[in-house]
>>> print(open('work_29.tsv').read())   # TSV, C-alpha atoms and all ligand atoms
chain	number	residue	atom	x	y	z
A	1	MET	CA	0.00	0.00	0.00
A	2	GLU	CA	1.23	3.55	-0.72
A	3	ASP	CA	2.34	5.81	2.16
A	4	THR	CA	-0.38	8.05	3.49
A	5	LYS	CA	0.26	11.79	3.50
A	6	GLN	CA	-1.12	12.13	7.01
A	7	PRO	CA	-1.99	9.52	9.62
A	8	ALA	CA	-5.25	7.85	8.70
A	9	SER	CA	-6.64	8.54	12.15
A	10	LEU	CA	-6.50	12.30	11.48
A	11	LYS	CA	-8.48	12.24	8.25
A	12	ARG	CA	-12.20	12.58	8.88
A	13	LEU	CA	-14.53	10.49	6.77
A	14	TYR	CA	-18.29	11.01	6.78
A	15	LEU	CA	-20.31	8.22	5.22
A	16	THR	CA	-23.39	8.99	3.16
A	17	ILE	CA	-25.50	6.22	1.63
A	18	ASP	CA	-27.88	6.90	-1.24
A	19	ASP	CA	-30.92	5.02	-2.58
A	20	PHE	CA	-32.40	3.56	0.64
A	21	PRO	CA	-34.47	1.38	0.93
A	22	THR	CA	-33.71	-1.84	-0.94
A	23	ALA	CA	-33.76	-5.58	-0.28
A	24	ALA	CA	-30.28	-5.16	1.24
A	25	SER	CA	-31.26	-2.40	3.70
A	26	GLU	CA	-31.87	-4.51	6.81
A	27	ASP	CA	-28.56	-6.34	6.47
A	28	MET	CA	-26.85	-3.04	5.74
A	29	LEU	CA	-28.26	-1.41	8.91
A	30	ASP	CA	-27.10	-4.39	11.00
A	31	PHE	CA	-23.64	-4.23	9.41
A	32	LEU	CA	-23.37	-0.49	10.16
A	33	VAL	CA	-24.34	-1.06	13.81
A	34	GLN	CA	-21.77	-3.84	14.05
A	35	LYS	CA	-19.11	-1.52	12.61
A	36	ASP	CA	-20.24	1.39	14.83
A	37	ILE	CA	-20.76	3.71	11.84
A	38	GLN	CA	-23.37	6.47	11.90
A	39	PRO	CA	-23.95	7.40	8.28
A	40	LEU	CA	-26.43	9.75	6.72
A	41	ILE	CA	-28.89	7.68	4.68
A	42	PHE	CA	-30.65	9.29	1.71
A	43	CYS	CA	-34.06	7.86	0.83
A	44	ILE	CA	-35.86	7.59	-2.51
A	45	GLY	CA	-39.52	8.52	-1.92
A	46	ASN	CA	-41.18	6.15	-4.37
A	47	THR	CA	-39.58	3.07	-2.82
A	48	LEU	CA	-39.79	4.50	0.69
A	49	GLN	CA	-43.59	4.83	0.51
A	50	HIS	CA	-43.87	1.02	0.25
A	51	GLN	CA	-41.21	0.32	2.90
A	52	LYS	CA	-42.11	2.74	5.67
A	53	ARG	CA	-41.51	0.03	8.27
A	54	LEU	CA	-37.82	-0.14	7.29
A	55	ALA	CA	-37.43	3.62	7.56
A	56	VAL	CA	-39.13	3.70	10.97
A	57	LYS	CA	-36.79	0.89	12.04
A	58	ALA	CA	-33.73	2.82	10.80
A	59	LEU	CA	-34.84	5.92	12.74
A	60	SER	CA	-35.48	3.89	15.88
A	61	MET	CA	-31.95	2.47	15.54
A	62	GLY	CA	-30.66	6.07	15.61
A	63	PHE	CA	-29.84	6.52	11.94
A	64	ILE	CA	-30.35	9.88	10.22
A	65	LEU	CA	-32.49	9.83	7.08
A	66	GLY	CA	-32.32	12.42	4.33
A	67	ASN	CA	-34.32	13.29	1.22
A	68	HIS	CA	-32.97	11.88	-2.08
A	69	SER	CA	-36.04	13.02	-4.10
A	70	PHE	CA	-39.23	11.11	-4.81
A	71	ALA	CA	-38.74	9.74	-8.34
A	72	HIS	CA	-34.91	9.70	-8.54
A	73	GLN	CA	-34.81	11.55	-11.84
A	74	HIS	CA	-32.15	13.77	-13.34
A	75	PHE	CA	-33.31	17.21	-12.17
A	76	SER	CA	-31.87	18.74	-15.36
A	77	LYS	CA	-34.61	16.85	-17.23
A	78	LEU	CA	-37.47	18.07	-15.01
A	79	SER	CA	-39.35	21.36	-15.33
A	80	THR	CA	-38.99	23.72	-12.39
A	81	LYS	CA	-42.49	22.80	-11.20
A	82	GLU	CA	-41.82	19.07	-11.50
A	83	ALA	CA	-38.57	19.49	-9.56
A	84	LEU	CA	-40.19	21.51	-6.75
A	85	ASP	CA	-43.14	19.10	-6.50
A	86	ASP	CA	-40.84	16.07	-6.41
A	87	ILE	CA	-38.83	17.52	-3.50
A	88	ALA	CA	-42.00	18.47	-1.60
A	89	ILE	CA	-43.65	15.04	-1.96
A	90	ALA	CA	-40.55	13.24	-0.66
A	91	ASP	CA	-40.28	15.84	2.12
A	92	GLY	CA	-43.89	15.17	3.21
A	93	LEU	CA	-43.30	11.43	3.21
A	94	LEU	CA	-40.20	11.79	5.38
A	95	GLU	CA	-42.10	14.11	7.78
A	96	GLU	CA	-44.77	11.38	8.10
A	97	ILE	CA	-42.19	8.67	8.76
A	98	HIS	CA	-40.41	10.74	11.42
A	99	ALA	CA	-43.77	11.39	13.12
A	100	GLU	CA	-44.58	7.67	12.99
A	101	ALA	CA	-41.20	6.84	14.55
A	102	GLY	CA	-41.67	9.57	17.17
A	103	VAL	CA	-38.42	11.19	16.07
A	104	VAL	CA	-38.13	14.96	15.61
A	105	TRP	CA	-36.69	15.71	12.17
A	106	GLU	CA	-34.12	18.24	13.32
A	107	LYS	CA	-31.38	18.04	10.74
A	108	LYS	CA	-32.82	18.05	7.23
A	109	PHE	CA	-30.49	17.03	4.42
A	110	PHE	CA	-31.17	16.76	0.70
A	111	ARG	CA	-29.15	15.06	-2.01
A	112	PHE	CA	-29.92	15.23	-5.72
A	113	PRO	CA	-30.06	11.96	-7.67
A	114	TYR	CA	-26.81	11.71	-9.65
A	115	GLY	CA	-25.72	14.97	-7.95
A	116	ASP	CA	-27.73	16.72	-10.70
A	117	LYS	CA	-28.66	20.14	-9.33
A	118	GLY	CA	-30.98	20.84	-12.26
A	119	ASP	CA	-28.55	23.28	-13.92
A	120	GLY	CA	-28.07	21.30	-17.14
A	121	ARG	CA	-24.77	19.73	-16.13
A	122	ARG	CA	-26.46	16.49	-15.08
A	123	GLY	CA	-24.20	16.10	-12.08
A	124	ARG	CA	-20.92	16.79	-13.88
A	125	ILE	CA	-20.29	19.63	-11.48
A	126	PHE	CA	-16.70	20.23	-12.51
A	127	THR	CA	-17.62	21.08	-16.07
A	128	ARG	CA	-18.70	24.57	-17.09
A	129	SER	CA	-22.45	24.99	-17.24
A	130	PHE	CA	-23.51	24.74	-20.89
A	131	PHE	CA	-26.95	26.10	-20.09
A	132	PRO	CA	-26.49	29.28	-18.03
A	133	TRP	CA	-30.24	30.09	-18.31
A	134	LYS	CA	-30.91	26.95	-16.28
A	135	LYS	CA	-29.40	28.76	-13.30
A	136	ILE	CA	-32.84	30.33	-12.80
A	137	LYS	CA	-34.27	26.85	-12.29
A	138	LYS	CA	-31.35	25.82	-10.13
A	139	ASN	CA	-31.84	28.89	-7.94
A	140	ALA	CA	-35.60	28.23	-7.60
A	141	ILE	CA	-34.84	24.67	-6.45
A	142	GLN	CA	-32.28	25.92	-3.93
A	143	GLU	CA	-34.76	28.48	-2.59
A	144	ARG	CA	-37.36	25.76	-2.08
A	145	LEU	CA	-34.80	23.60	-0.24
A	146	ALA	CA	-34.05	26.56	2.05
A	147	GLU	CA	-37.79	27.17	2.66
A	148	LEU	CA	-38.26	23.53	3.64
A	149	GLY	CA	-35.39	23.82	6.13
A	150	TYR	CA	-32.70	21.87	4.29
A	151	ALA	CA	-29.13	22.87	5.06
A	152	VAL	CA	-25.60	21.55	4.77
A	153	PRO	CA	-23.95	20.36	8.00
A	154	GLU	CA	-20.88	22.20	9.23
A	155	LEU	CA	-17.93	19.98	8.42
A	156	PRO	CA	-14.82	22.12	9.02
A	157	SER	CA	-12.51	19.22	8.29
A	158	ILE	CA	-13.52	19.42	4.61
A	159	THR	CA	-10.95	21.87	3.26
A	160	TYR	CA	-11.29	21.45	-0.51
A	161	ALA	CA	-11.63	24.90	-2.11
A	162	TYR	CA	-14.26	23.65	-4.59
A	163	TYR	CA	-16.38	22.41	-1.70
A	164	ASN	CA	-16.08	25.52	0.47
A	165	GLN	CA	-16.32	28.08	-2.32
A	166	LYS	CA	-18.95	26.44	-4.53
A	167	LEU	CA	-20.80	23.48	-3.02
A	168	LEU	CA	-21.27	25.07	0.40
A	169	GLN	CA	-23.27	27.90	-1.16
A	170	ASP	CA	-26.01	25.38	-1.98
A	171	LYS	CA	-28.53	23.79	0.38
A	172	ASP	CA	-28.09	20.23	-0.90
A	173	LEU	CA	-25.37	17.98	0.47
A	174	HIS	CA	-23.04	16.88	-2.29
A	175	TRP	CA	-20.09	14.53	-1.73
A	176	THR	CA	-16.33	14.80	-2.12
A	177	MET	CA	-15.41	11.12	-2.51
A	178	ASP	CA	-17.42	8.82	-4.74
A	179	VAL	CA	-16.46	5.18	-4.20
A	180	MET	CA	-18.04	4.42	-7.61
A	181	GLU	CA	-19.07	0.94	-6.49
A	182	TRP	CA	-22.35	1.73	-8.29
A	183	CYS	CA	-20.53	0.96	-11.54
A	184	LEU	CA	-20.92	-2.74	-10.62
A	185	LYS	CA	-24.71	-2.47	-10.87
A	186	SER	CA	-24.25	-3.01	-14.59
A	187	ASP	CA	-23.03	-6.49	-15.55
A	188	GLU	CA	-20.48	-4.97	-17.95
A	189	GLY	CA	-19.36	-2.38	-15.39
A	190	MET	CA	-18.99	1.32	-16.13
A	191	PHE	CA	-16.05	3.71	-16.53
A	192	GLY	CA	-13.67	0.74	-16.62
A	193	ILE	CA	-14.84	-0.47	-13.17
A	194	ARG	CA	-15.94	-4.07	-13.69
A	195	THR	CA	-14.96	-5.93	-10.51
A	196	GLU	CA	-14.72	-5.38	-6.77
A	197	GLY	CA	-10.95	-5.37	-7.27
A	198	ASP	CA	-11.31	-2.38	-9.63
A	199	VAL	CA	-13.32	-0.49	-6.99
A	200	LEU	CA	-10.68	-1.18	-4.32
A	201	GLN	CA	-7.81	-0.31	-6.63
A	202	ARG	CA	-9.44	3.04	-7.41
A	203	LEU	CA	-10.18	3.62	-3.70
A	204	PHE	CA	-6.47	3.57	-2.88
A	205	SER	CA	-5.33	5.32	-6.05
A	206	ARG	CA	-3.52	8.68	-5.93
A	207	ASN	CA	-5.23	9.94	-9.04
A	208	PRO	CA	-8.65	8.34	-9.39
A	209	PHE	CA	-10.90	9.08	-12.33
A	210	ASP	CA	-14.04	10.93	-11.19
A	211	CYS	CA	-17.20	10.74	-13.27
A	212	ARG	CA	-18.15	14.33	-12.33
A	213	GLY	CA	-15.28	15.64	-14.46
A	214	ALA	CA	-11.75	16.70	-13.58
A	215	VAL	CA	-11.66	17.49	-9.86
A	216	PRO	CA	-10.13	20.97	-9.52
A	217	GLU	CA	-7.82	20.11	-6.58
A	218	ALA	CA	-4.40	19.20	-7.92
A	219	GLN	CA	-3.59	16.70	-5.14
A	220	TYR	CA	-6.86	14.87	-4.97
A	221	GLY	CA	-6.13	11.23	-4.27
A	222	MET	CA	-9.17	10.71	-2.04
A	223	LEU	CA	-7.82	8.88	1.01
A	224	TYR	CA	-4.44	10.67	0.92
A	225	SER	CA	-5.47	14.32	0.82
A	226	ASP	CA	-5.39	16.62	3.87
A	227	SER	CA	-9.11	17.30	3.62
A	228	GLY	CA	-11.88	15.31	5.24
A	229	GLU	CA	-14.25	13.52	2.87
A	230	ILE	CA	-17.97	13.12	2.43
A	231	VAL	CA	-17.96	9.56	1.14
A	232	LEU	CA	-20.69	8.42	-1.26
A	233	MET	CA	-21.86	4.81	-1.40
A	234	HIS	CA	-25.17	3.15	-2.18
A	235	ASP	CA	-27.76	0.87	-0.63
A	236	CYS	CA	-27.96	-1.82	-3.31
A	237	GLU	CA	-28.46	-5.56	-3.14
A	238	LYS	CA	-26.14	-6.20	-6.08
A	239	THR	CA	-23.21	-4.24	-4.63
A	240	PHE	CA	-23.73	-4.99	-0.92
A	241	ALA	CA	-20.78	-7.42	-0.75
A	242	THR	CA	-18.52	-4.72	-2.19
A	243	PHE	CA	-20.02	-2.13	0.18
A	244	LYS	CA	-18.91	-4.27	3.14
A	245	GLU	CA	-15.49	-4.94	1.63
A	246	VAL	CA	-14.87	-1.22	1.05
A	247	ILE	CA	-15.76	-0.40	4.67
A	248	ASN	CA	-13.57	-3.24	5.95
A	249	GLU	CA	-10.63	-2.12	3.78
A	250	ILE	CA	-10.99	1.51	4.90
A	251	HIS	CA	-11.06	0.39	8.54
A	252	SER	CA	-8.10	-1.92	8.11
A	253	GLU	CA	-6.05	1.04	6.80
A	254	GLY	CA	-6.71	2.80	10.12
A	255	TYR	CA	-9.47	5.19	9.06
A	256	THR	CA	-12.69	5.55	11.01
A	257	PHE	CA	-15.99	7.25	10.11
A	258	SER	CA	-17.27	10.27	12.02
A	259	GLY	CA	-20.96	10.85	12.74
A	260	PHE	CA	-22.93	13.83	11.39
A	301	ZN	ZN	-29.34	7.91	-6.03
>>> encode(input="work_29.tsv", output="structure tokens")
Amino acid sequence: MEDTKQPASLKRLYLTIDDFPTAASEDMLDFLVQKDIQPLIFCIGNTLQHQKRLAVKALSMGFILGNHSFAHQHFSKLSTKEALDDIAIADGLLEEIHAEAGVVWEKKFFRFPYGDKGDGRRGRIFTRSFFPWKKIKKNAIQERLAELGYAVPELPSITYAYYNQKLLQDKDLHWTMDVMEWCLKSDEGMFGIRTEGDVLQRLFSRNPFDCRGAVPEAQYGMLYSDSGEIVLMHDCEKTFATFKEVINEIHSEGYTFSGF
């Protein structure tokens, strides 16, 4: 393994998990308890509405749930009205579930499907916006998130300039480190990631390819940078084995996950 730039114990990792709930959710929650990890779990409304019991269980276990939209669409494809309605429906559903669990929904977090803020870049946030007029829609969406009480947590250990200068201005919680294990959802793989070994190799790479475009920090290298990381992984039956392996590998290198 390559030398780390700073001791692993000093680098803060925050785990976020998108696309809850699935057939793997219960096992995933048990695994997270066993590993003593308190992630932020983003829910898809249209699956959540049929699996409320699982969400209530997650809340009663102490997990934090966030809004990952209702229909999990690219927000760049939606009209402004469709986008605002989608957010509100998922918000209402999560309010209901918190009430059912008897948990006050204090910290409200939102994450766009595919990281697509609705500005035409479809989640490729490091590319220039090709559709500047879509900023009006993007701003309307951000205003609605603010009205509904969504905010980004204070994570001072994240020191990337692109995060602090750009992403922190928005109300949705983006990520800094995409494990890209979701590439294994497709049998052929995506972006050259075809096996669990490919995911792990990229995880410990100094210069990993990022599907959002070229990351503007020269010394990125995920696990080796001085910044903390908001780690993105997914609740998914097909990639659950890799999910566990990634967590185990990260732990065995001496890193731990911090709670939100
Ligand atoms: Zn998603």
>>> residues_around(input="work_29.tsv", residues="stretch 70-72 of chain A", least_positions_apart="5", cutoff="7 Å", atoms="all atoms listed in the file", output="tab-separated table (two decimals) with C-alpha atoms, in the coordinates of the input")
chain	number	residue	atom	x	y	z
A	44	ILE	CA	-35.86	7.59	-2.51
A	45	GLY	CA	-39.52	8.52	-1.92
A	46	ASN	CA	-41.18	6.15	-4.37
A	86	ASP	CA	-40.84	16.07	-6.41
A	87	ILE	CA	-38.83	17.52	-3.50
A	89	ILE	CA	-43.65	15.04	-1.96
A	90	ALA	CA	-40.55	13.24	-0.66
A	113	PRO	CA	-30.06	11.96	-7.67
>>> atom_distance(input="work_29.tsv", atom1="atom CA of A:Leu173", atom2="atom CA of A:Pro21")
18.9 Å
>>> closest_atom_pairs(input="work_29.tsv", of="chain A", to="ligand ZN 301 (chain A)", cutoff="10 Å", atoms="all atoms listed in the file", output="JSON lines")
{"residue": "A:Ile17", "atom": "CA", "partner": "A:ZN301", "partner_atom": "ZN", "distance": 8.7}
{"residue": "A:Asp18", "atom": "CA", "partner": "A:ZN301", "partner_atom": "ZN", "distance": 5.1}
{"residue": "A:Asp19", "atom": "CA", "partner": "A:ZN301", "partner_atom": "ZN", "distance": 4.8}
{"residue": "A:Phe20", "atom": "CA", "partner": "A:ZN301", "partner_atom": "ZN", "distance": 8.5}
{"residue": "A:Phe42", "atom": "CA", "partner": "A:ZN301", "partner_atom": "ZN", "distance": 8.0}
{"residue": "A:Cys43", "atom": "CA", "partner": "A:ZN301", "partner_atom": "ZN", "distance": 8.3}
{"residue": "A:Ile44", "atom": "CA", "partner": "A:ZN301", "partner_atom": "ZN", "distance": 7.4}
{"residue": "A:His68", "atom": "CA", "partner": "A:ZN301", "partner_atom": "ZN", "distance": 6.7}
{"residue": "A:Ser69", "atom": "CA", "partner": "A:ZN301", "partner_atom": "ZN", "distance": 8.6}
{"residue": "A:Ala71", "atom": "CA", "partner": "A:ZN301", "partner_atom": "ZN", "distance": 9.9}
{"residue": "A:His72", "atom": "CA", "partner": "A:ZN301", "partner_atom": "ZN", "distance": 6.4}
{"residue": "A:Gln73", "atom": "CA", "partner": "A:ZN301", "partner_atom": "ZN", "distance": 8.8}
{"residue": "A:His74", "atom": "CA", "partner": "A:ZN301", "partner_atom": "ZN", "distance": 9.8}
{"residue": "A:Arg111", "atom": "CA", "partner": "A:ZN301", "partner_atom": "ZN", "distance": 8.2}
{"residue": "A:Phe112", "atom": "CA", "partner": "A:ZN301", "partner_atom": "ZN", "distance": 7.3}
{"residue": "A:Pro113", "atom": "CA", "partner": "A:ZN301", "partner_atom": "ZN", "distance": 4.4}
{"residue": "A:Tyr114", "atom": "CA", "partner": "A:ZN301", "partner_atom": "ZN", "distance": 5.8}
{"residue": "A:Gly115", "atom": "CA", "partner": "A:ZN301", "partner_atom": "ZN", "distance": 8.2}
{"residue": "A:Trp182", "atom": "CA", "partner": "A:ZN301", "partner_atom": "ZN", "distance": 9.6}
{"residue": "A:Leu232", "atom": "CA", "partner": "A:ZN301", "partner_atom": "ZN", "distance": 9.9}
{"residue": "A:Met233", "atom": "CA", "partner": "A:ZN301", "partner_atom": "ZN", "distance": 9.3}
{"residue": "A:His234", "atom": "CA", "partner": "A:ZN301", "partner_atom": "ZN", "distance": 7.4}
{"residue": "A:Asp235", "atom": "CA", "partner": "A:ZN301", "partner_atom": "ZN", "distance": 9.0}
>>> residues_around(input="work_29.tsv", residues="A:Ala214", least_positions_apart="5", cutoff="10 Å", atoms="only C-alpha atoms", output="VMD selection string")
chain A and resid 124 to 127 208 to 209
>>> closest_residue(input="work_29.tsv", among="A:Arg12, A:Lys138, A:Lys108, A:Arg53", to="A:Asp170", atoms="only C-alpha atoms")
A:Lys138
>>> closest_residue(input="work_29.tsv", among="A:Glu143, A:Glu26, A:Glu237, A:Asp119", to="A:Val56", atoms="only C-alpha atoms")
A:Glu26
>>> atom_distance(input="work_29.tsv", atom1="atom CA of A:Met180", atom2="atom CA of A:Thr47")
22.1 Å
>>> closest_residue(input="work_29.tsv", among="A:Tyr224, A:Phe131, A:Tyr163, A:Tyr150", to="A:Tyr255", atoms="all atoms listed in the file")
A:Tyr224
>>> atom_distance(input="work_29.tsv", atom1="atom CA of A:Lys238", atom2="atom CA of A:Arg122")
24.4 Å
>>> closest_residue(input="work_29.tsv", among="A:Asp30, A:Glu188, A:Asp116, A:Glu196", to="A:Glu245", atoms="all atoms listed in the file")
A:Glu196
>>> closest_residue(input="work_29.tsv", among="A:Ile230, A:Lys77, A:Lys117, A:Met177", to="A:Gly259", atoms="only C-alpha atoms")
A:Ile230
>>> residues_around(input="work_29.tsv", residues="A:Lys171", least_positions_apart="3", cutoff="9 Å", atoms="all atoms listed in the file", output="number ranges by chain")
A: 109-110, 142-143, 145-146, 149-152, 167-168
>>> residues_around(input="work_29.tsv", residues="stretch 249-252 of chain A", least_positions_apart="3", cutoff="9 Å", atoms="all atoms listed in the file", output="PyMOL selection string")
chain A and resi 200+203+223+244-246+255-257
>>> closest_residue(input="work_29.tsv", among="A:Ile247, A:Ala140, A:Ile193, A:Val199", to="A:Gln34", atoms="all atoms listed in the file")
A:Ile247
>>> residues_around(input="work_29.tsv", residues="A:Phe191", least_positions_apart="3", cutoff="9 Å", atoms="all atoms listed in the file", output="PDB file with C-alpha atoms, in the frame of the given file")
ATOM      1  CA  CYS A 183     -20.530   0.960 -11.540  1.00  0.00           C
ATOM      2  CA  ARG A 194     -15.940  -4.070 -13.690  1.00  0.00           C
ATOM      3  CA  PHE A 209     -10.900   9.080 -12.330  1.00  0.00           C
ATOM      4  CA  CYS A 211     -17.200  10.740 -13.270  1.00  0.00           C
TER       5      CYS A 211
END
